[in-house]
Amino acid sequence: MKILHIGPDSQFIQFISKTFELAAPGCNDYAVVSKRTNKSLGYEIPNGQVKVIESSVVGLFKIALLARRYDVIIAHSLTNQAVFALLLAPGKALTVWSGWGFDYYTDDVCALLGEESKKLYKELSEGYKKEESVLKKALKKVFSKLKSISVRKIDYFSAPIPNDFLILKENYPQFCGEYIQLNYGSVEETFSLGGCSVTGENILLGNSASITNNHIEAFEKIKKLASEEQKIIVPLSYGDEKYRDTIIAKGKNCLDELFCPLIDFMSLDEYSKIVNSCSLIVMAHKRQQALGNICAVMYSGARIILDEENPAYQFFIERGAIVNSLNDISNSLMLTPLSESEISQNRKVIQEFWGAEKVNNNTKKLIENIQVKQQRQANK
């Protein structure tokens, strides 16, 4: 069995490569789509051939031709490159879509926004439309149609949490494959690293310069809660630059000296120290987003506040985790630290879903299912 993994330039690919090598040793190769010009990655994928492919039209066809040589195609997020590969893969090739969140939601961003963020999105969108060429607009429509067609060919779908499977089915009713759980990294590799306890009383808001963070709505709510001794730390080092600049201006205006934007890229150790200074984490997304960040700070003992519309909120509540609703953010009890028993309960929930044994078994189950399906095809 020959497996081709297609994914963006991300350390998540490094994490998943370890579990797949355990489940299917010697079977895995990787096509990593990158904007790097030196064709080398800043991390190591220790097993299998790794091809770094440029993010361009030429890169699209390179990946599509490469996919013709494999029995199994695994798309780590359904990017344009992955869509091309799935559409042009051999007829008997089995296909897997491991969704990351953004790729199985529709283009209706407004459905994920609060009222003020919605107004800002419409303003920014008008500017982007003026800058966008006719060719780019046409290509967007073409790729959207191709993506819709490719979903029909997919045999297995995974999301970071199973609650998101409903989102996939709502947005892509043509999907007729099976759900199977895959995870990127275990507790031992990720969430339990970088210190396991909260060191301060600051507040962390959001994870990126993305409008789905609903920063504007959160600013007003946090303002009523925070004290002068606290900093409201807002990561904005990656994402949309125009949105970032707008949020910096609005954050300073609303929160004054409390507002502490993070706009420069920093090492993981530096970032972890800043995050660990936060005892309260506010994520105002209405969709599953920043799950890795949420789990890391939950493991450290911080109190988590999520929007009840976010599938991650229901996911944690169903499993007995201690998380709070964005509706309760003005309640001063939100500043009360979690008890030792509550921290222990949250760590238990994370361990049960993301523990190394569970993560590895999920990948093994996918490989076993693929082998059974291949055998059935061979017997026809």
# chains A, B, ... in the order shown; residues from 1 in each chain; ligands from 1
>>> residues_around(residues="Gly292 (chain A)", least_positions_apart="2", cutoff="10 Å", atoms="only C-alpha atoms", output="list in words")
Pro160, Tyr184, Gly185, Thr190, Phe191, Gln289, Ala290, Ile294, Cys295, Ala296, Val297 and Met298 of chain A
>>> select_by_dssp(residues="region 194-231 of chain A", states="alpha helix (DSSP H)", output="list in words")
His215, Ile216, Glu217, Ala218, Phe219, Glu220, Lys221, Ile222 and Lys223 of chain A
>>> residues_around(residues="Asn310 (chain A)", least_positions_apart="4", cutoff="8 Å", atoms="only C-alpha atoms", output="PDB file with C-alpha atoms, in the first residue's frame")
ATOM      1  CA  HIS A 285     -15.495  31.900  17.618  1.00  0.00           C
ATOM      2  CA  LYS A 286     -18.823  30.481  16.526  1.00  0.00           C
ATOM      3  CA  ARG A 287     -17.040  27.621  14.777  1.00  0.00           C
ATOM      4  CA  GLN A 288     -14.434  25.111  15.903  1.00  0.00           C
ATOM      5  CA  LEU A 306     -16.434  29.626  24.548  1.00  0.00           C
ATOM      6  CA  GLN A 314     -20.805  21.139  23.200  1.00  0.00           C
TER       7      GLN A 314
END
>>> select_by_dssp(residues="region 92-325 of chain A", states="strand (DSSP E or B)", output="NGL selection string")
:A and (94-98 or 156-158 or 178-179 or 202-205 or 209 or 232-235 or 239 or 259-262 or 278-283 or 303-306 or 324-325)
>>> write_last_selection(atoms="N, CA and C atoms", output="CSV table (one decimal), in the first residue's frame")
chain,number,residue,atom,x,y,z
A,94,LEU,N,-8.2,5.0,-2.8
A,94,LEU,CA,-9.1,5.3,-1.7
A,94,LEU,C,-8.6,6.7,-1.2
A,95,THR,N,-9.6,7.5,-0.8
A,95,THR,CA,-9.4,8.9,-0.4
A,95,THR,C,-9.9,9.3,1.0
A,96,VAL,N,-9.1,10.1,1.6
A,96,VAL,CA,-9.4,10.6,3.0
A,96,VAL,C,-9.3,12.1,3.0
A,97,TRP,N,-10.3,12.7,3.6
A,97,TRP,CA,-10.3,14.1,3.9
A,97,TRP,C,-10.2,14.4,5.4
A,98,SER,N,-9.0,14.8,5.8
A,98,SER,CA,-8.9,15.1,7.2
A,98,SER,C,-9.0,16.6,7.4
A,156,TYR,N,-13.4,8.6,3.3
A,156,TYR,CA,-13.4,8.8,4.7
A,156,TYR,C,-13.2,10.3,5.0
A,157,PHE,N,-13.9,10.8,6.1
A,157,PHE,CA,-13.8,12.2,6.5
A,157,PHE,C,-13.5,12.2,8.0
A,158,SER,N,-12.6,13.1,8.4
A,158,SER,CA,-12.3,13.3,9.8
A,158,SER,C,-12.3,14.7,10.1
A,178,GLU,N,-17.6,7.7,5.0
A,178,GLU,CA,-17.7,7.4,6.4
A,178,GLU,C,-16.9,8.4,7.3
A,179,TYR,N,-17.3,8.5,8.5
A,179,TYR,CA,-16.5,9.4,9.5
A,179,TYR,C,-15.6,8.5,10.2
A,202,ASN,N,-3.6,37.2,33.7
A,202,ASN,CA,-4.0,37.9,32.5
A,202,ASN,C,-5.1,37.2,31.8
A,203,ILE,N,-5.6,37.8,30.7
A,203,ILE,CA,-6.7,37.3,29.9
A,203,ILE,C,-6.2,37.1,28.5
A,204,LEU,N,-6.4,36.0,27.9
A,204,LEU,CA,-6.1,35.7,26.5
A,204,LEU,C,-7.3,35.8,25.7
A,205,LEU,N,-7.3,36.6,24.6
A,205,LEU,CA,-8.5,36.7,23.7
A,205,LEU,C,-8.1,36.2,22.3
A,209,ALA,N,-5.4,37.0,13.7
A,209,ALA,CA,-6.0,38.1,13.0
A,209,ALA,C,-7.0,37.7,12.0
A,232,ILE,N,-4.9,42.2,28.7
A,232,ILE,CA,-5.7,41.5,27.8
A,232,ILE,C,-4.9,41.2,26.6
A,233,ILE,N,-4.4,40.0,26.5
A,233,ILE,CA,-3.4,39.6,25.5
A,233,ILE,C,-4.1,39.1,24.2
A,234,VAL,N,-3.9,39.7,23.1
A,234,VAL,CA,-4.6,39.4,21.9
A,234,VAL,C,-3.6,39.0,20.8
A,235,PRO,N,-3.4,37.7,20.5
A,235,PRO,CA,-2.5,37.2,19.4
A,235,PRO,C,-3.0,37.7,18.0
A,239,GLY,N,-2.6,36.1,9.9
A,239,GLY,CA,-3.9,36.3,9.5
A,239,GLY,C,-4.0,37.5,8.5
A,259,PHE,N,-5.0,46.7,26.9
A,259,PHE,CA,-4.9,46.0,25.6
A,259,PHE,C,-3.4,45.7,25.3
A,260,CYS,N,-3.1,44.4,25.0
A,260,CYS,CA,-1.7,44.0,24.7
A,260,CYS,C,-1.7,43.1,23.5
A,261,PRO,N,-1.6,43.7,22.3
A,261,PRO,CA,-1.6,42.8,21.0
A,261,PRO,C,-0.3,42.2,20.8
A,262,LEU,N,-0.3,40.9,20.3
A,262,LEU,CA,0.9,40.2,19.9
A,262,LEU,C,1.0,40.3,18.4
A,278,CYS,N,-1.8,33.6,31.5
A,278,CYS,CA,-3.3,33.9,31.4
A,278,CYS,C,-4.1,32.8,32.2
A,279,SER,N,-4.9,33.3,33.1
A,279,SER,CA,-5.7,32.4,33.9
A,279,SER,C,-7.1,32.3,33.3
A,280,LEU,N,-7.4,33.2,32.4
A,280,LEU,CA,-8.8,33.2,31.7
A,280,LEU,C,-8.5,33.3,30.2
A,281,ILE,N,-9.2,32.3,29.4
A,281,ILE,CA,-9.0,32.3,28.0
A,281,ILE,C,-10.4,32.5,27.4
A,282,VAL,N,-10.5,33.5,26.5
A,282,VAL,CA,-11.8,33.8,25.9
A,282,VAL,C,-11.7,33.6,24.4
A,283,MET,N,-12.4,32.6,23.9
A,283,MET,CA,-12.5,32.3,22.4
A,283,MET,C,-13.9,32.6,21.9
A,303,ARG,N,-9.1,28.8,33.0
A,303,ARG,CA,-10.6,28.8,32.8
A,303,ARG,C,-10.8,29.2,31.3
A,304,ILE,N,-11.7,28.4,30.7
A,304,ILE,CA,-12.0,28.6,29.2
A,304,ILE,C,-13.4,29.1,29.1
A,305,ILE,N,-13.5,30.1,28.2
A,305,ILE,CA,-14.8,30.7,27.9
A,305,ILE,C,-15.0,30.5,26.4
A,306,LEU,N,-16.1,29.9,26.0
A,306,LEU,CA,-16.4,29.6,24.5
A,306,LEU,C,-17.8,30.1,24.2
A,324,ASN,N,-16.9,27.5,30.3
A,324,ASN,CA,-17.9,28.5,30.6
A,324,ASN,C,-18.4,29.1,29.3
A,325,SER,N,-19.6,29.7,29.3
A,325,SER,CA,-20.2,30.3,28.2
A,325,SER,C,-19.9,31.7,28.0
>>> closest_residue(among="A:Asn276, A:Gly59, A:Ile13, A:Ser77", to="Lys35 (chain A)", atoms="only C-alpha atoms")
A:Gly59
>>> closest_residue(among="A:Lys380, A:Ile16, A:Glu54, A:Glu217", to="Lys119 (chain A)", atoms="only C-alpha atoms")
A:Glu217
>>> closest_residue(among="A:Val187, A:Leu166, A:Ile6, A:Cys176", to="Ile74 (chain A)", atoms="only C-alpha atoms")
A:Ile6
